[in-house]
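Shown here: target14.cif, mmCIF, C-alpha atoms.
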data_start
loop_
_atom_site.label_atom_id
_atom_site.label_comp_id
_atom_site.auth_asym_id
_atom_site.auth_seq_id
_atom_site.Cartn_x
_atom_site.Cartn_y
_atom_site.Cartn_z
CA MET A 1 -9.38 -10.52 -32.05
CA PRO A 2 -11.60 -7.97 -30.32
CA PRO A 3 -10.51 -7.29 -26.73
CA ARG A 4 -13.62 -6.67 -24.66
CA THR A 5 -14.02 -4.57 -21.61
CA ALA A 6 -15.05 -5.44 -18.08
CA ASN A 7 -17.71 -5.33 -16.56
CA LYS A 8 -20.44 -6.33 -18.99
CA CYS A 9 -18.98 -7.72 -22.17
CA THR A 10 -20.96 -8.59 -25.27
CA ALA A 11 -19.87 -9.98 -28.58
CA ASN A 12 -20.40 -7.77 -31.62
CA PRO A 13 -22.05 -9.40 -34.65
CA GLY A 14 -19.56 -9.95 -37.46
CA ARG A 15 -16.56 -10.08 -35.16
CA PRO A 16 -14.71 -13.25 -34.14
CA SER A 17 -16.85 -15.09 -31.66
CA LEU A 18 -16.38 -16.12 -28.09
CA HIS A 19 -16.17 -19.69 -29.36
CA GLN A 20 -13.16 -18.89 -31.54
CA PHE A 21 -11.07 -16.82 -29.17
CA GLY A 22 -12.44 -17.42 -25.71
CA PRO A 23 -13.14 -14.72 -23.15
CA VAL A 24 -10.54 -12.04 -23.92
CA LEU A 25 -10.28 -8.68 -22.20
CA SER A 26 -8.03 -5.74 -22.73
CA ALA A 27 -5.84 -5.21 -19.67
CA ILE A 28 -3.35 -2.54 -18.71
CA ILE A 29 -0.35 -3.79 -16.75
CA THR A 30 1.88 -1.42 -14.78
CA ILE A 31 4.59 -1.69 -12.16
CA PRO A 32 3.50 -1.40 -8.50
CA GLU A 33 3.49 2.09 -6.94
CA VAL A 34 6.37 1.31 -4.62
CA ALA A 35 8.49 0.18 -7.60
CA ALA A 36 7.61 3.38 -9.46
CA ARG A 37 8.84 5.40 -6.46
CA ALA A 38 12.08 3.39 -6.48
CA ARG A 39 12.45 4.31 -10.19
CA GLY A 40 12.02 7.99 -9.44
CA GLY A 41 8.38 8.16 -10.45
CA GLN A 42 8.60 6.40 -13.81
CA ARG A 43 5.64 4.09 -14.33
CA PRO A 44 5.59 2.31 -17.68
CA ALA A 45 2.39 0.58 -18.77
CA ALA A 46 1.54 -2.10 -21.30
CA ARG A 47 -1.84 -2.72 -22.90
CA VAL A 48 -2.35 -6.43 -23.55
CA ASP A 49 -4.95 -8.96 -24.59
CA ALA A 50 -5.70 -11.10 -21.54
CA LEU A 51 -7.44 -14.45 -21.77
CA ILE A 52 -9.62 -15.48 -18.84
CA ASP A 53 -8.25 -18.98 -18.31
CA THR A 54 -10.10 -21.08 -15.74
CA GLY A 55 -7.55 -23.83 -16.42
CA ALA A 56 -4.78 -21.72 -14.92
CA GLY A 57 -4.14 -21.79 -11.18
CA SER A 58 -2.18 -18.57 -11.25
CA THR A 59 -1.86 -15.58 -13.53
CA CYS A 60 1.02 -15.28 -15.96
CA ILE A 61 2.41 -12.77 -18.44
CA SER A 62 4.67 -13.10 -21.46
CA ALA A 63 8.41 -12.41 -21.39
CA LYS A 64 7.76 -9.64 -23.91
CA VAL A 65 5.59 -7.72 -21.42
CA ALA A 66 8.14 -8.25 -18.64
CA ASP A 67 10.80 -6.76 -20.93
CA GLN A 68 8.56 -3.91 -22.02
CA LEU A 69 7.99 -2.86 -18.40
CA SER A 70 11.60 -3.65 -17.39
CA LEU A 71 10.23 -5.75 -14.54
CA ARG A 72 12.73 -6.96 -11.94
CA PRO A 73 12.11 -10.56 -10.82
CA ILE A 74 11.27 -11.11 -7.17
CA GLY A 75 11.94 -14.82 -7.27
CA THR A 76 11.66 -17.89 -9.39
CA CYS A 77 9.30 -20.81 -9.44
CA ILE A 78 9.03 -24.19 -11.02
CA VAL A 79 6.21 -24.14 -13.51
CA GLY A 80 4.68 -27.52 -14.19
CA GLY A 81 1.84 -28.85 -16.29
CA ALA A 82 0.21 -32.19 -17.02
CA TYR A 83 2.35 -32.92 -20.07
CA GLY A 84 4.84 -30.08 -19.79
CA HIS A 85 8.39 -30.37 -18.56
CA PRO A 86 8.96 -28.49 -15.30
CA GLU A 87 10.82 -25.24 -15.98
CA GLU A 88 12.24 -22.47 -13.81
CA ARG A 89 10.50 -19.18 -14.47
CA ASN A 90 10.75 -15.68 -13.06
CA LEU A 91 8.13 -14.25 -10.74
CA TYR A 92 7.16 -10.58 -10.77
CA SER A 93 4.92 -8.22 -8.85
CA VAL A 94 2.58 -6.14 -11.03
CA ASN A 95 -0.51 -3.98 -10.91
CA PHE A 96 -3.15 -4.33 -13.57
CA THR A 97 -6.62 -3.25 -14.44
CA PHE A 98 -9.13 -4.47 -16.99
CA GLU A 99 -9.94 -1.63 -19.34
CA ASN A 100 -12.93 0.43 -18.16
CA SER A 101 -13.39 -1.72 -15.05
CA GLY A 102 -12.22 0.99 -12.64
CA PHE A 103 -10.73 -1.65 -10.37
CA GLU A 104 -6.99 -2.08 -9.97
CA PHE A 105 -5.40 -5.34 -8.87
CA ALA A 106 -2.37 -4.19 -6.89
CA ASP A 107 0.87 -6.03 -6.09
CA ILE A 108 -0.12 -9.29 -7.72
CA GLN A 109 2.46 -12.05 -8.01
CA VAL A 110 2.59 -13.31 -11.59
CA SER A 111 4.87 -15.75 -13.33
CA GLU A 112 6.50 -15.41 -16.71
CA SER A 113 5.30 -17.96 -19.24
CA ASP A 114 6.19 -18.89 -22.75
CA LEU A 115 3.28 -17.33 -24.61
CA HIS A 116 5.09 -16.58 -27.87
CA ALA A 117 2.87 -18.95 -29.85
CA CYS A 118 -0.35 -17.62 -28.31
CA PRO A 119 -2.35 -14.62 -29.42
CA TYR A 120 -2.42 -13.39 -25.80
CA GLU A 121 0.15 -11.64 -23.60
CA MET A 122 -1.53 -12.53 -20.32
CA LEU A 123 -3.49 -15.46 -18.90
CA VAL A 124 -5.76 -14.50 -16.02
CA GLY A 125 -5.90 -17.43 -13.62
CA ARG A 126 -8.05 -18.58 -10.75
CA ASP A 127 -6.03 -16.52 -8.24
CA ILE A 128 -7.62 -13.40 -9.76
CA LEU A 129 -10.98 -15.04 -10.51
CA SER A 130 -11.28 -15.89 -6.81
CA ILE A 131 -12.53 -12.35 -6.16
CA CYS A 132 -14.54 -11.91 -9.40
CA HIS A 133 -17.91 -12.96 -10.73
CA PHE A 134 -17.48 -14.58 -14.14
CA THR A 135 -20.30 -15.79 -16.39
CA TYR A 136 -19.87 -17.44 -19.79
CA ASP A 137 -22.88 -17.80 -22.08
CA GLY A 138 -21.69 -19.73 -25.10
CA PHE A 139 -25.13 -19.72 -26.75
CA THR A 140 -25.38 -15.93 -26.97
CA GLY A 141 -21.60 -15.49 -27.28
CA GLN A 142 -21.45 -13.24 -24.24
CA PHE A 143 -19.46 -13.25 -21.07
CA THR A 144 -19.33 -10.96 -18.09
CA LEU A 145 -16.61 -10.36 -15.59
CA GLU A 146 -17.50 -8.32 -12.57
CA VAL A 147 -14.61 -7.05 -10.51
CA PRO A 148 -14.93 -7.49 -7.60
CA SER A 149 -17.77 -10.00 -7.27
CA PRO A 150 -21.09 -8.48 -6.10
CA ARG A 151 -20.88 -10.91 -3.17
CA SER A 152 -17.42 -9.69 -2.21
CA PRO A 153 -17.21 -7.44 0.87
CA ASP A 154 -15.17 -5.03 -1.31
CA HIS A 155 -17.94 -4.53 -3.89
CA PRO A 156 -19.31 -0.95 -3.81
CA SER A 157 -22.84 -2.23 -3.10
CA SER A 158 -21.59 -4.27 -0.10
CA VAL A 159 -19.63 -1.27 1.18
CA ALA A 160 -22.73 0.95 0.81
CA LYS A 161 -24.90 -1.68 2.55
CA ARG A 162 -22.48 -1.88 5.51
CA LYS A 163 -22.36 1.91 5.72
CA ASN A 164 -26.15 2.04 5.73
CA GLU A 165 -26.37 -0.64 8.43
CA ILE A 166 -23.92 1.29 10.62
CA GLN A 167 -25.91 4.51 10.11
CA GLN A 168 -29.16 2.73 10.94
CA ALA A 169 -27.62 1.20 14.07
CA GLU A 170 -26.36 4.61 15.21
CA LEU A 171 -29.77 6.14 14.52
CA GLY A 172 -31.38 3.31 16.49
CA LYS A 173 -29.04 3.95 19.42
CA LYS A 174 -29.85 7.67 19.38
CA LYS A 175 -33.60 6.94 19.27
CA GLY A 176 -33.21 4.46 22.13
CA LYS A 177 -31.38 7.03 24.24
CA SER A 178 -33.96 9.77 23.65
CA ARG A 179 -36.78 7.32 24.41
CA LYS A 180 -35.07 6.42 27.69
CA ARG A 181 -34.72 10.11 28.57
CA MET A 182 -38.41 10.66 27.82
CA ASP A 183 -39.36 7.67 30.01
CA VAL A 184 -37.24 9.00 32.91
CA ALA A 185 -38.83 12.45 32.54
CA LYS A 186 -42.32 10.90 32.44
CA LYS A 187 -41.60 8.84 35.56
CA SER A 188 -40.32 11.84 37.50
CA ARG A 189 -43.40 13.86 36.49
CA THR A 190 -45.68 11.05 37.74
CA LYS A 191 -43.73 10.89 41.01
CA ASN A 192 -44.01 14.62 41.59
CA ARG A 193 -47.79 14.47 41.24
CA MET B 1 16.95 -17.15 -16.41
CA SER B 2 17.40 -15.75 -12.90
CA SER B 3 19.41 -12.64 -12.02
CA GLU B 4 22.53 -12.78 -9.89
CA TYR B 5 20.85 -11.20 -6.86
CA LEU B 6 18.08 -13.82 -7.00
CA GLN B 7 20.60 -16.63 -6.99
CA LYS B 8 22.49 -15.19 -4.01
CA ASP B 9 19.29 -14.49 -2.07
CA LYS B 10 18.12 -18.02 -2.84
CA GLU B 11 21.33 -19.48 -1.42
CA TRP B 12 20.92 -17.32 1.68
CA PHE B 13 17.34 -18.56 2.08
CA GLU B 14 18.38 -22.21 1.74
CA ARG B 15 21.01 -21.73 4.45
CA ASN B 16 18.41 -20.21 6.77
CA ARG B 17 15.29 -22.12 5.75
CA GLU B 18 15.23 -24.48 8.74
CA GLU B 19 15.68 -21.71 11.27
CA LEU B 20 12.99 -19.59 9.60
CA LEU B 21 10.59 -22.54 9.53
CA LYS B 22 10.83 -22.93 13.29
CA HIS B 23 9.19 -19.58 13.98
CA HIS B 24 7.73 -18.23 10.75
CA LYS B 25 6.25 -21.11 8.80
CA SER B 26 3.91 -19.98 5.95
CA ARG B 27 4.74 -16.29 6.45
CA TRP B 28 6.49 -14.17 3.81
CA ILE B 29 10.07 -12.93 3.84
CA ALA B 30 11.69 -10.10 1.90
CA ILE B 31 15.42 -10.51 1.24
CA HIS B 32 17.87 -7.93 -0.10
CA ASP B 33 21.62 -8.42 -0.53
CA GLN B 34 21.46 -11.75 1.33
CA GLU B 35 19.86 -10.18 4.39
CA SER B 36 16.35 -10.40 5.71
CA ILE B 37 14.47 -7.12 5.42
CA GLY B 38 11.57 -8.48 7.42
CA ILE B 39 8.96 -11.18 7.83
CA PHE B 40 5.36 -10.43 6.96
CA ASP B 41 1.88 -11.94 6.88
CA SER B 42 1.21 -11.42 3.17
CA PHE B 43 2.97 -11.18 -0.17
CA LYS B 44 1.76 -7.60 -0.67
CA GLU B 45 3.15 -6.47 2.66
CA ALA B 46 6.48 -8.22 2.09
CA TYR B 47 6.86 -6.76 -1.40
CA ASN B 48 5.91 -3.21 -0.45
CA GLN B 49 7.94 -3.07 2.74
CA GLY B 50 10.81 -4.86 1.01
CA VAL B 51 11.15 -2.39 -1.88
CA GLU B 52 10.51 0.57 0.43
CA LYS B 53 13.19 -0.43 2.94
CA ALA B 54 15.72 -1.62 0.35
CA GLY B 55 15.10 1.42 -1.86
CA SER B 56 15.46 -0.97 -4.79
CA GLU B 57 13.36 -3.38 -6.81
CA ASP B 58 16.12 -5.99 -6.67
CA ILE B 59 14.68 -7.95 -3.80
CA THR B 60 13.48 -11.50 -3.30
CA VAL B 61 10.05 -12.17 -1.84
CA ARG B 62 9.06 -15.68 -0.94
CA GLN B 63 6.91 -17.72 1.36
CA ILE B 64 8.61 -19.71 4.11
CA THR B 65 7.71 -23.29 3.28
CA GLU B 66 9.35 -26.66 3.80
CA LYS B 67 9.87 -27.20 0.09
CA ASP B 68 9.30 -25.32 -3.14
CA GLU B 69 6.14 -26.58 -4.77
CA PRO B 70 5.74 -26.10 -8.53
CA ILE B 71 3.07 -23.56 -9.35
CA GLU B 72 0.23 -24.48 -11.63
CA THR B 73 -0.06 -22.07 -14.52
CA SER B 74 -2.24 -22.97 -17.45
CA ILE B 75 -3.13 -26.53 -18.26
CA ASN B 76 -4.31 -25.31 -21.68
CA LEU B 77 -0.93 -23.73 -22.33
CA TYR B 78 0.93 -26.92 -21.53
CA LEU B 79 -1.37 -28.97 -23.68
CA GLY B 80 -0.75 -26.58 -26.55
CA LEU B 81 -4.42 -25.66 -26.74
CA LEU B 82 -3.82 -21.91 -26.70
CA ASP B 83 -1.45 -21.89 -29.66
CA ALA B 84 -4.07 -22.35 -32.33
CA PRO B 85 -7.54 -20.97 -31.66
CA THR B 86 -10.24 -23.16 -33.21
CA TYR B 87 -12.26 -21.91 -36.13
CA SER B 88 -15.58 -23.49 -36.88
#
Would you put the structure from the file into structure tokens?
Amino acid sequence: MPPRTANKCTANPGRPSLHQFGPVLSAIITIPEVAARARGGQRPAARVDALIDTGAGSTCISAKVADQLSLRPIGTCIVGGAYGHPEERNLYSVNFTFENSGFEFADIQVSESDLHACPYEMLVGRDILSICHFTYDGFTGQFTLEVPSPRSPDHPSSVAKRKNEIQQAELGKKKGKSRKRMDVAKKSRTKNR
Amino acid sequence: MSSEYLQKDKEWFERNREELLKHHKSRWIAIHDQESIGIFDSFKEAYNQGVEKAGSEDITVRQITEKDEPIETSINLYLGLLDAPTYS
């Protein structure tokens, strides 16, 4: 299975297709910064294959990854599914990033799921997708995941646009003030004549 | 499944749930050694402040709700659709 990288992902000819494996990305999971400080600076990381799963309400990881990172549970939850039996599962807080995306999801609550029969160690759910832009083109075998979404206020282009608007507004204010000063000076000159 | 500290913190939360609901419904609480570390507006805040103040990762973070709702993970997982990728 070829893990692909965010942002723009394309399928390579000759490799297993999007149809066979679904949209899979390579992700790097770590413990949150505050947990690393509590461990005296140690920050283990795990590289995993993560399936973008629009059928999942929340993100989950395998027990193997939780063990690998020595994650400490922060609670438990009842995990239910349409035909599954409700089970109590651990909840963890993790940081993760999709390889080459340059965007880190910090302090995300994830549940532990039984993924031993799956070829993935992580299922990325709609909680994460809620800030992303995801496109799936089955015909060309390509998908894209943009993190964060270009429409999100956190996207670099939105940040730059806001910065520009603020600069323009400040420039406008300055121009307005100098125009006022010029008007006052003009009026006083006319009066003096 | 759950660690001993989680079980004890859970019992503490159940004893105090009603009182917490009166003033802090839907907010987040961090618990350490069966004591409240603080009540916060978000999970992130509760987790970060909780670990920072406790000086330990062994904390419980949870939302103050009337009952514990099951969380929806993957419908595909529960239908067994992720176990065997399809080959055409």
When you get a sec, could you note down which chain A residues fall within 9 Å of chain B, using all atoms listed in the file, as a short mmCIF file (atom, residue, chain, number, x, y, z; two decimals) with C-alpha atoms, in the frame of the given file?
data_model
loop_
_atom_site.label_atom_id
_atom_site.label_comp_id
_atom_site.auth_asym_id
_atom_site.auth_seq_id
_atom_site.Cartn_x
_atom_site.Cartn_y
_atom_site.Cartn_z
CA HIS A 19 -16.17 -19.69 -29.36
CA GLN A 20 -13.16 -18.89 -31.54
CA PHE A 21 -11.07 -16.82 -29.17
CA GLY A 22 -12.44 -17.42 -25.71
CA PRO A 32 3.50 -1.40 -8.50
CA GLU A 33 3.49 2.09 -6.94
CA VAL A 34 6.37 1.31 -4.62
CA ALA A 35 8.49 0.18 -7.60
CA ARG A 37 8.84 5.40 -6.46
CA ALA A 38 12.08 3.39 -6.48
CA ARG A 39 12.45 4.31 -10.19
CA ASP A 53 -8.25 -18.98 -18.31
CA THR A 54 -10.10 -21.08 -15.74
CA GLY A 55 -7.55 -23.83 -16.42
CA ALA A 56 -4.78 -21.72 -14.92
CA GLY A 57 -4.14 -21.79 -11.18
CA SER A 58 -2.18 -18.57 -11.25
CA THR A 59 -1.86 -15.58 -13.53
CA CYS A 60 1.02 -15.28 -15.96
CA LEU A 71 10.23 -5.75 -14.54
CA ARG A 72 12.73 -6.96 -11.94
CA PRO A 73 12.11 -10.56 -10.82
CA ILE A 74 11.27 -11.11 -7.17
CA GLY A 75 11.94 -14.82 -7.27
CA THR A 76 11.66 -17.89 -9.39
CA CYS A 77 9.30 -20.81 -9.44
CA ILE A 78 9.03 -24.19 -11.02
CA VAL A 79 6.21 -24.14 -13.51
CA GLY A 80 4.68 -27.52 -14.19
CA GLY A 81 1.84 -28.85 -16.29
CA ALA A 82 0.21 -32.19 -17.02
CA TYR A 83 2.35 -32.92 -20.07
CA GLY A 84 4.84 -30.08 -19.79
CA HIS A 85 8.39 -30.37 -18.56
CA PRO A 86 8.96 -28.49 -15.30
CA GLU A 88 12.24 -22.47 -13.81
CA ARG A 89 10.50 -19.18 -14.47
CA ASN A 90 10.75 -15.68 -13.06
CA SER A 93 4.92 -8.22 -8.85
CA ALA A 106 -2.37 -4.19 -6.89
CA ASP A 107 0.87 -6.03 -6.09
CA ILE A 108 -0.12 -9.29 -7.72
CA GLN A 109 2.46 -12.05 -8.01
CA SER A 111 4.87 -15.75 -13.33
CA SER A 113 5.30 -17.96 -19.24
CA ASP A 114 6.19 -18.89 -22.75
CA LEU A 115 3.28 -17.33 -24.61
CA HIS A 116 5.09 -16.58 -27.87
CA ALA A 117 2.87 -18.95 -29.85
CA CYS A 118 -0.35 -17.62 -28.31
CA PRO A 119 -2.35 -14.62 -29.42
CA TYR A 120 -2.42 -13.39 -25.80
CA LEU A 123 -3.49 -15.46 -18.90
CA GLY A 125 -5.90 -17.43 -13.62
#
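Note that CA of Asn164 in chain A and CA of Gly176 in chain A are 18.0 Å apart.
From CA of Val110 in chain A back to CA of Tyr92 in chain A, the distance works out to 5.4 Å.
Applied to this file, the PyMOL selection byres ((chain A and resi 50) around 8) selects the residues Val24, Leu25, Ser26, Ala27, Val48, Asp49, Leu51, Ile52, Tyr120, Glu121, Met122, Leu123 and Val124 of chain A.
Ranking A:Glu170, A:Ala46, A:Ser130, A:Val147 by their shortest atom-to-atom distance to Asn100 in chain A, with all atoms listed in the file included, puts A:Val147 first.
Among the candidates A:Ile166, A:Leu18, A:Val94, A:Ile128, the residue lying nearest to Ala45 in chain A is A:Val94 (atoms considered: all atoms listed in the file).
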Which residues are close to Glu14 in chain B, i.e. within 12 Å by only C-alpha atoms, leaving aside same-chain residues fewer than 3 positions away? Reply as a PyMOL selection string.
chain B and resi 7-11+17-21+34+62+64-68
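Between CA of Ile29 in chain A and CA of Ile131 in chain A the separation is 18.3 Å.
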Provide an axis-aligned box for all listed atoms of range 17-20 of chain B, padding each side by 3 Å; report its centre and its edge lengths in Å to one decimal, as AutoDock Vina command-line options.
--center_x 14.3 --center_y -22.0 --center_z 8.5 --size_x 8.7 --size_y 10.9 --size_z 11.5
